[in-house]
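Chemist: So that you have it, the file is target_22.cif, and it contains mmCIF, C-alpha atoms and all ligand atoms:
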data_final
loop_
_atom_site.label_atom_id
_atom_site.label_comp_id
_atom_site.auth_asym_id
_atom_site.auth_seq_id
_atom_site.Cartn_x
_atom_site.Cartn_y
_atom_site.Cartn_z
CA MET A 1 10.86 -32.19 -27.11
CA ASP A 2 12.44 -35.45 -28.23
CA LYS A 3 13.36 -33.96 -31.56
CA LEU A 4 14.88 -30.88 -29.90
CA ALA A 5 16.74 -32.96 -27.34
CA ALA A 6 18.10 -35.21 -30.06
CA SER A 7 19.22 -32.35 -32.27
CA SER A 8 20.91 -30.47 -29.45
CA LYS A 9 22.80 -33.59 -28.38
CA ASN A 10 24.86 -33.28 -31.52
CA THR A 11 25.84 -29.67 -30.91
CA GLN A 12 28.66 -28.76 -28.56
CA SER A 13 26.63 -26.60 -26.22
CA LYS A 14 28.54 -24.96 -23.42
CA CYS A 15 27.60 -23.07 -20.32
CA ILE A 16 28.08 -19.38 -21.17
CA VAL A 17 29.20 -18.70 -17.60
CA CYS A 18 31.77 -21.43 -16.89
CA GLY A 19 32.28 -23.21 -20.22
CA SER A 20 31.16 -26.60 -18.91
CA GLU A 21 29.51 -28.96 -21.38
CA ARG A 22 27.53 -30.64 -18.61
CA LEU A 23 24.20 -29.09 -19.48
CA LYS A 24 21.04 -30.84 -18.42
CA HIS A 25 17.50 -30.33 -19.67
CA PHE A 26 15.63 -28.07 -17.25
CA SER A 27 12.30 -26.98 -18.74
CA ARG A 28 10.63 -25.65 -21.84
CA TYR A 29 11.22 -22.02 -22.77
CA ASN A 30 7.92 -20.23 -22.29
CA THR A 31 7.26 -17.53 -24.82
CA ALA A 32 4.18 -15.76 -26.15
CA LYS A 33 2.60 -16.80 -29.44
CA GLU A 34 2.98 -13.33 -30.87
CA THR A 35 6.69 -13.26 -30.08
CA GLU A 36 9.16 -13.23 -32.91
CA GLY A 37 9.77 -16.75 -34.11
CA ILE A 38 13.38 -17.19 -33.10
CA PHE A 39 12.44 -17.84 -29.46
CA ILE A 40 9.83 -20.47 -30.19
CA GLY A 41 10.66 -24.14 -29.65
CA ARG A 42 13.71 -23.59 -27.49
CA ARG A 43 14.23 -24.93 -24.01
CA LEU A 44 16.17 -24.16 -20.86
CA VAL A 45 19.19 -26.13 -19.73
CA ARG A 46 20.96 -26.02 -16.38
CA CYS A 47 24.73 -26.20 -16.00
CA GLN A 48 25.68 -29.04 -13.68
CA SER A 49 28.90 -27.24 -12.74
CA CYS A 50 27.82 -23.70 -11.85
CA SER A 51 23.99 -23.93 -11.81
CA HIS A 52 23.52 -21.30 -14.51
CA ILE A 53 20.36 -21.65 -16.59
CA GLN A 54 20.37 -20.66 -20.24
CA ILE A 55 18.40 -21.02 -23.44
CA GLU A 56 19.14 -23.97 -25.71
CA PRO A 57 20.14 -23.86 -28.47
CA MET A 58 22.02 -20.66 -27.57
CA PHE A 59 21.83 -17.76 -30.03
CA THR A 60 24.85 -16.39 -31.83
CA GLU A 61 25.69 -12.71 -31.40
CA ASP A 62 24.64 -12.05 -35.00
CA GLU A 63 21.24 -13.60 -34.40
CA LEU A 64 20.73 -11.43 -31.33
CA ASP A 65 21.92 -8.27 -33.11
CA GLN A 66 19.47 -8.96 -35.89
CA TYR A 67 16.65 -9.63 -33.44
CA TYR A 68 17.17 -6.38 -31.52
CA SER A 69 17.63 -4.32 -34.68
CA GLN A 70 14.08 -5.31 -35.66
CA SER A 71 12.54 -5.35 -32.21
CA LYS A 72 11.01 -2.47 -30.26
CA TYR A 73 12.07 -4.08 -26.99
CA TRP A 74 14.66 -1.52 -25.88
CA SER A 75 12.77 1.55 -27.09
CA GLU A 76 9.72 0.39 -25.13
CA LYS A 77 11.81 -0.53 -22.12
CA HIS A 78 13.33 2.95 -21.96
CA SER A 79 10.22 4.87 -23.04
CA ASP A 80 9.01 8.08 -21.41
CA ASP A 81 5.97 6.50 -19.78
CA ARG A 82 8.33 4.39 -17.71
CA THR A 83 10.41 7.38 -16.60
CA HIS A 84 9.14 7.46 -13.04
CA LYS A 85 9.75 3.77 -12.56
CA LEU A 86 13.22 3.93 -14.09
CA GLN A 87 14.16 6.91 -11.94
CA SER A 88 13.09 5.24 -8.73
CA LYS A 89 14.98 2.15 -9.83
CA ALA A 90 18.13 4.22 -10.46
CA PHE A 91 17.69 5.87 -7.09
CA SER A 92 17.45 2.53 -5.31
CA GLN A 93 20.51 1.30 -7.21
CA ILE A 94 22.57 4.29 -6.09
CA ALA A 95 21.35 3.83 -2.51
CA TYR A 96 22.53 0.24 -2.65
CA ILE A 97 25.95 1.17 -4.07
CA GLU A 98 26.35 3.91 -1.48
CA SER A 99 25.48 1.52 1.33
CA LYS A 100 28.40 -0.71 0.31
CA THR A 101 31.06 1.72 -0.85
CA SER A 102 31.93 5.40 -0.84
CA LEU A 103 30.86 7.57 -3.75
CA ASN A 104 33.48 10.18 -2.82
CA ASP A 105 36.13 9.27 -5.35
CA ILE A 106 33.88 8.48 -8.26
CA GLU A 107 34.42 10.65 -11.28
CA ARG A 108 34.37 8.48 -14.42
CA VAL A 109 31.11 6.57 -14.76
CA LEU A 110 30.27 4.02 -17.45
CA ASP A 111 26.70 2.79 -17.94
CA ILE A 112 26.38 -0.22 -20.24
CA GLY A 113 22.86 -0.22 -21.69
CA ALA A 114 22.24 3.32 -20.47
CA GLY A 115 18.92 4.06 -22.18
CA TYR A 116 18.11 7.71 -21.47
CA GLY A 117 20.63 7.94 -18.66
CA ARG A 118 18.34 7.70 -15.64
CA PHE A 119 21.25 6.49 -13.58
CA PHE A 120 23.37 9.50 -14.57
CA GLN A 121 20.45 11.77 -13.81
CA GLU A 122 19.91 10.43 -10.31
CA LEU A 123 23.63 10.43 -9.54
CA ARG A 124 23.94 14.05 -10.65
CA ALA A 125 20.83 15.00 -8.66
CA LEU A 126 22.26 13.38 -5.55
CA LEU A 127 25.71 14.97 -5.90
CA PRO A 128 25.17 18.21 -7.85
CA GLU A 129 28.50 19.72 -6.84
CA ARG A 130 30.48 16.95 -8.50
CA GLU A 131 31.74 16.92 -12.07
CA PHE A 132 31.16 13.44 -13.39
CA LYS A 133 32.49 12.22 -16.70
CA PHE A 134 29.80 10.04 -18.21
CA THR A 135 30.33 7.32 -20.80
CA ALA A 136 27.45 5.23 -22.10
CA VAL A 137 27.03 2.12 -24.19
CA GLU A 138 23.78 2.64 -26.03
CA GLY A 139 22.45 1.86 -29.49
CA GLY A 140 19.05 3.58 -29.66
CA PRO A 141 19.41 6.71 -31.88
CA ASP A 142 17.04 8.89 -29.81
CA ALA A 143 18.66 7.85 -26.56
CA VAL A 144 22.11 8.57 -27.97
CA THR A 145 21.12 12.13 -28.94
CA TYR A 146 19.58 12.67 -25.51
CA LEU A 147 22.63 11.32 -23.67
CA LYS A 148 24.95 13.59 -25.63
CA GLU A 149 22.86 16.70 -25.13
CA THR A 150 21.87 16.17 -21.51
CA PHE A 151 24.97 14.62 -19.99
CA ASP A 152 27.68 15.47 -22.50
CA ALA A 153 28.26 11.74 -22.46
CA LYS A 154 30.74 9.85 -24.59
CA ILE A 155 28.84 7.13 -26.43
CA HIS A 156 29.80 3.70 -27.71
CA LYS A 157 27.44 1.53 -29.72
CA SER A 158 28.94 -1.67 -28.33
CA TYR A 159 30.68 -2.44 -25.06
CA LYS A 160 33.47 -3.91 -27.16
CA ALA A 161 34.47 -0.40 -28.22
CA VAL A 162 34.89 0.87 -24.65
CA LYS A 163 38.37 2.11 -23.79
CA GLY A 164 39.87 3.63 -20.68
CA LYS A 165 39.28 3.15 -16.96
CA PHE A 166 36.24 3.88 -14.84
CA ASP A 167 35.55 4.41 -11.15
CA LEU A 168 32.02 3.08 -11.45
CA ILE A 169 30.55 0.75 -14.07
CA VAL A 170 26.79 0.15 -14.11
CA ILE A 171 25.14 -2.77 -15.90
CA SER A 172 21.44 -2.93 -15.21
CA HIS A 173 19.19 -5.53 -16.83
CA PHE A 174 21.53 -6.12 -19.72
CA MET A 175 23.41 -9.33 -19.00
CA GLU A 176 20.33 -11.56 -19.21
CA HIS A 177 20.18 -10.64 -22.91
CA MET A 178 23.75 -11.64 -23.70
CA SER A 179 25.14 -14.82 -25.22
CA ASN A 180 28.64 -14.03 -23.89
CA PRO A 181 28.45 -12.51 -20.39
CA SER A 182 31.98 -13.71 -19.60
CA GLU A 183 33.37 -11.47 -22.33
CA LEU A 184 31.63 -8.51 -20.73
CA MET A 185 33.06 -9.48 -17.34
CA ARG A 186 36.55 -9.53 -18.80
CA LEU A 187 35.99 -6.05 -20.22
CA ILE A 188 34.94 -4.89 -16.75
CA SER A 189 38.04 -6.31 -15.13
CA ARG A 190 40.14 -4.45 -17.72
CA SER A 191 38.19 -1.21 -17.33
CA LEU A 192 37.93 -0.70 -13.58
CA THR A 193 40.36 1.55 -11.75
CA SER A 194 42.13 -0.11 -8.81
CA SER A 195 39.54 1.30 -6.40
CA GLY A 196 36.65 1.15 -8.88
CA VAL A 197 33.43 -0.79 -8.46
CA CYS A 198 30.99 -2.40 -10.85
CA PHE A 199 27.29 -2.56 -10.06
CA ILE A 200 25.29 -5.31 -11.75
CA GLU A 201 21.58 -5.90 -11.65
CA VAL A 202 19.85 -8.87 -13.29
CA PRO A 203 16.54 -10.63 -12.69
CA ASN A 204 16.81 -13.40 -10.15
CA LYS A 205 15.68 -16.77 -11.51
CA ASP A 206 12.85 -15.15 -13.45
CA TYR A 207 12.16 -18.40 -15.30
CA ALA A 208 10.28 -19.34 -12.14
CA TYR A 209 7.60 -16.69 -12.38
CA ARG A 210 7.44 -15.11 -15.83
CA LYS A 211 4.98 -16.49 -18.33
CA ASN A 212 6.86 -15.02 -21.25
CA LEU A 213 10.62 -15.30 -20.99
CA THR A 214 11.41 -13.56 -24.29
CA PRO A 215 13.90 -12.01 -24.87
CA HIS A 216 15.88 -13.21 -21.85
CA ILE A 217 18.32 -15.97 -22.74
CA SER A 218 20.29 -16.24 -19.54
CA PHE A 219 18.92 -16.76 -16.03
CA PHE A 220 21.24 -15.88 -13.21
CA SER A 221 21.19 -17.02 -9.63
CA PRO A 222 23.45 -15.66 -6.87
CA GLU A 223 25.67 -18.69 -7.50
CA SER A 224 26.02 -18.29 -11.24
CA LEU A 225 26.50 -14.52 -11.08
CA THR A 226 29.27 -15.09 -8.54
CA HIS A 227 30.88 -17.69 -10.84
CA CYS A 228 30.65 -15.35 -13.80
CA SER A 229 32.42 -12.62 -11.82
CA THR A 230 35.15 -14.60 -10.09
CA ASN A 231 35.97 -16.66 -13.20
CA ASN A 232 36.87 -13.42 -14.94
CA GLY A 233 39.08 -11.72 -12.40
CA LEU A 234 36.51 -9.89 -10.29
CA LYS A 235 35.79 -10.07 -6.58
CA VAL A 236 32.25 -10.00 -5.26
CA VAL A 237 31.98 -7.27 -2.63
CA ASP A 238 28.31 -7.97 -2.05
CA ILE A 239 25.45 -9.82 -3.67
CA THR A 240 21.86 -9.52 -2.57
CA THR A 241 18.25 -9.74 -3.69
CA ALA A 242 15.82 -6.86 -4.01
CA GLY A 243 12.26 -6.22 -5.07
CA THR A 244 8.93 -7.86 -4.45
CA PRO A 245 9.26 -11.30 -2.88
CA LEU A 246 8.14 -13.94 -5.34
CA ILE A 247 5.47 -15.27 -3.10
CA LEU A 248 3.65 -11.96 -3.39
CA LEU A 249 3.79 -12.22 -7.17
CA ASP A 250 2.15 -15.63 -7.12
CA ARG A 251 -1.57 -15.57 -7.81
CA SER A 252 -2.18 -19.22 -7.05
CA ASN A 253 -5.20 -20.08 -4.93
CA ALA A 254 -3.76 -23.30 -3.61
CA PRO A 255 -4.29 -23.27 0.19
CA HIS A 256 -0.63 -23.62 1.16
CA ILE A 257 0.36 -20.83 -1.23
CA ARG A 258 -2.35 -18.58 0.18
CA LEU A 259 -1.03 -19.26 3.64
CA LEU A 260 2.55 -18.51 2.58
CA ARG A 261 1.37 -15.34 0.88
CA ALA A 262 -0.44 -14.17 3.99
CA ALA A 263 2.64 -14.91 6.06
CA ALA A 264 4.76 -13.01 3.55
CA ARG A 265 2.48 -9.96 3.68
CA PHE A 266 2.55 -10.03 7.45
CA TYR A 267 6.28 -10.42 7.42
CA GLU A 268 6.68 -7.62 4.88
CA LYS A 269 4.74 -5.26 7.13
CA ILE A 270 6.49 -5.97 10.39
CA LEU A 271 9.98 -6.88 9.32
CA ILE A 272 10.46 -5.06 6.07
CA GLY A 273 14.05 -5.02 4.96
CA ARG A 274 15.28 -7.47 7.58
CA LEU A 275 16.44 -10.94 6.67
CA ASP A 276 15.36 -10.03 3.18
CA GLN A 277 17.67 -12.35 1.32
CA GLN A 278 17.05 -15.49 3.31
CA TYR A 279 13.35 -14.82 3.27
CA ASN A 280 13.23 -14.39 -0.48
CA GLU A 281 15.34 -17.45 -1.07
CA ILE A 282 13.12 -19.66 1.09
CA PHE A 283 9.99 -18.59 -0.73
CA LEU A 284 11.69 -18.75 -4.09
CA ASN A 285 12.73 -22.32 -3.49
CA THR A 286 9.26 -23.23 -2.27
CA LEU A 287 7.74 -21.71 -5.35
CA ILE A 288 10.17 -23.44 -7.67
CA LYS A 289 9.54 -26.82 -6.07
CA ARG A 290 5.81 -26.34 -6.26
CA SER A 291 5.56 -25.03 -9.78
CA LYS A 292 8.17 -27.34 -11.33
CA MET A 293 8.74 -24.59 -13.88
CA THR A 294 5.41 -25.08 -15.59
CA GLU A 295 3.05 -22.50 -17.03
CA ARG A 296 1.36 -22.41 -13.65
CA SER A 297 4.16 -20.10 -12.57
CA THR A 298 2.84 -16.61 -12.42
CA ALA A 299 3.87 -13.10 -13.17
CA VAL A 300 2.42 -9.75 -12.28
CA ALA A 301 3.23 -6.85 -14.56
CA GLY A 302 4.08 -3.48 -13.15
CA ARG A 303 5.45 -4.53 -9.79
CA ASP A 304 9.02 -4.15 -8.83
CA ARG A 305 10.41 -7.45 -10.03
CA TYR A 306 12.51 -9.69 -7.87
CA ARG A 307 16.12 -9.16 -8.86
CA LEU A 308 19.77 -9.63 -7.99
CA GLN A 309 22.11 -6.79 -7.18
CA ALA A 310 25.84 -7.24 -6.98
CA LEU A 311 28.84 -5.06 -6.39
CA LEU A 312 32.18 -6.17 -7.86
CA LYS A 313 35.78 -5.02 -7.52
CA LEU A 314 39.13 -6.01 -8.93
ZN ZN A 401 28.31 -23.32 -15.83
#
If you convert what's in this file into structure tokens, what do you get?
Ligand SMILES: [Zn+2]
Modeler:
Amino acid sequence: MDKLAASSKNTQSKCIVCGSERLKHFSRYNTAKETEGIFIGRRLVRCQSCSHIQIEPMFTEDELDQYYSQSKYWSEKHSDDRTHKLQSKAFSQIAYIESKTSLNDIERVLDIGAGYGRFFQELRALLPEREFKFTAVEGGPDAVTYLKETFDAKIHKSYKAVKGKFDLIVISHFMEHMSNPSELMRLISRSLTSSGVCFIEVPNKDYAYRKNLTPHISFFSPESLTHCSTNNGLKVVDITTAGTPLILLDRSNAPHIRLLRAAARFYEKILIGRLDQQYNEIFLNTLIKRSKMTERSTAVAGRDRYRLQALLKL
């Protein structure tokens, strides 16, 4: 760690959300042994200005492009055996958007990191009488063919190539992979119609409970996602948490954690959906304090991960 700390002192690292150079060591970057080498030996730093947490040293865009061109990450993430899960996720995303804004005037829809277009599919299923114009940012060759054939979608390989205006922009589990989320936010503020909305979903502080952080390089909190939006000309209509409360993901047998877990289960049964955000935040903070970001933090595969959802406007 000393060597890494010393070497990174000489580099001009900046917060990728707010540009501040006040980055403070936070924890090691946990990755699996079998993971591709570029993630090994890095650490996490926390921005003292906006609280964003990011990998250090940060990757360049070229390094990330090269990593994903050789990795099966996205093809596995969007694979057929996850279809049911991805559809129910898309459904819950649309339900969230609909609870905050009207879908009546939405015609042009852009999905950045669209995969096989589960979001388009659910939107079309919900509103079959409507004629949506779908645009997708997607790089996987099979997904691109599918999107063209199934949704007659216009495809861009990179979000940088996107032109025109959209009534709804969807970015789901994409920003945590980016070394320049602010650039994406600026594209959104250029690409929304005056009444348009952007839906963003990212994991919420997943450094606290995932054993293997690869390939996430950016760890948003409600605070840092808000900063990232407002710094780039967007207003936050709503920001909330969703998914399994972290305390239920924690397998620890420590007595106070077992007690909290039991309380959480009880709470989940009798008060599901109510006070969700405050409840999650309290347990998240408890878990973070307890685990001090060590390997004792836990993760459970297959459950609906704790995440942030936000709706943005111009
Ligand atoms: Zn910052």
Chemist: Work out how far apart CA of Glu63 (chain A) and CA of Phe39 (chain A) are and give it in Å to one decimal.
Modeler: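 The value is 10.9 Å.
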Chemist: Compare A:Leu44, A:Val202, A:Cys228, A:Leu184 by their minimum atom-to-atom distance to ligand ZN 401 (chain A), counting all atoms listed in the file, and give me the closest one.
Modeler: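 When distances to ligand ZN 401 (chain A) are compared using all atoms listed in the file, the smallest one comes from A:Cys228.
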Chemist: Neighbours of Ile106 (chain A) within 12 Å (all atoms listed in the file; same-chain residues fewer than 6 positions away dropped), as a list in words?
Modeler: Ile97, Glu98, Leu123, Arg124, Leu127, Arg130, Glu131, Phe132, Lys133, Phe134, Lys165, Phe166, Asp167, Leu168, Ile169, Leu192, Thr193, Ser194, Ser195, Gly196, Val197 and Cys198 of chain A
Chemist: Could you tell me which of A:Arg42, A:Arg186, A:Arg265, A:His52 comes closest to Leu225 (chain A) if we count only C-alpha atoms?
Modeler: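 For Leu225 (chain A), the nearest of the candidates is A:His52.
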Chemist: Residues at most 12 Å from ligand ZN 401 (chain A), using only C-alpha atoms and all ligand atoms? Could they come as a PyMOL selection string?
Modeler: chain A and resi 13-24+45-54+181-182+218-221+223-228+231
Chemist: How many Å lie between CA of Lys157 (chain A) and CA of Gly113 (chain A), rounded to one decimal?
Modeler: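 According to the coordinates, CA of Lys157 (chain A) and CA of Gly113 (chain A) are separated by 9.4 Å.
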Chemist: To one decimal place in Å, what is the distance between CA of Arg307 (chain A) and CA of Ala242 (chain A)?
Modeler: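 Here the two named atoms are 5.4 Å from each other.
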Chemist: Which residue is closest to Ile55 (chain A)? Choose from A:Thr145, A:Asn232, A:Gln309, A:Thr31 and count all atoms listed in the file.
Modeler: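 Between A:Thr145, A:Asn232, A:Gln309, A:Thr31, the residue approaching Ile55 (chain A) most closely is A:Thr31.
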Chemist: Pick the closest to Pro203 (chain A) from A:Ala310, A:Ala153, A:Ala114, A:Leu103: which is it, counting all atoms listed in the file?
Modeler: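 Nearest to Pro203 (chain A): A:Ala310.
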Chemist: Measuring between only C-alpha atoms, which one of A:Ala263, A:Ala161, A:Ile239, A:Ala254 shows the shortest distance to Lys100 (chain A)?
Modeler: A:Ile239
Chemist: I need the residue nearest Glu61 (chain A) from this list: A:Ile200, A:Lys205, A:Glu183, A:Val162. Use all atoms listed in the file for the distance.
Modeler: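 Counting all atoms listed in the file, the residue closest to Glu61 (chain A) is A:Glu183.
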Chemist: Need the neighbours of (7.2, -16.3, -25.6): which residues are at most 10 Å away, counting all atoms listed in the file, as number ranges by chain?
Modeler: A: 29-42, 210-216
Chemist: Name the residues in contact with Ala90 (chain A) at a cut-off of 9 Å, using only C-alpha atoms, excluding same-chain residues fewer than 6 positions from it; report them as a short mmCIF file (atom, residue, chain, number, x, y, z; two decimals) with C-alpha atoms, keeping the file's coordinate frame.
Modeler:
data_model
loop_
_atom_site.label_atom_id
_atom_site.label_comp_id
_atom_site.auth_asym_id
_atom_site.auth_seq_id
_atom_site.Cartn_x
_atom_site.Cartn_y
_atom_site.Cartn_z
CA ARG A 118 18.34 7.70 -15.64
CA PHE A 119 21.25 6.49 -13.58
CA PHE A 120 23.37 9.50 -14.57
CA GLN A 121 20.45 11.77 -13.81
CA GLU A 122 19.91 10.43 -10.31
CA LEU A 123 23.63 10.43 -9.54
#
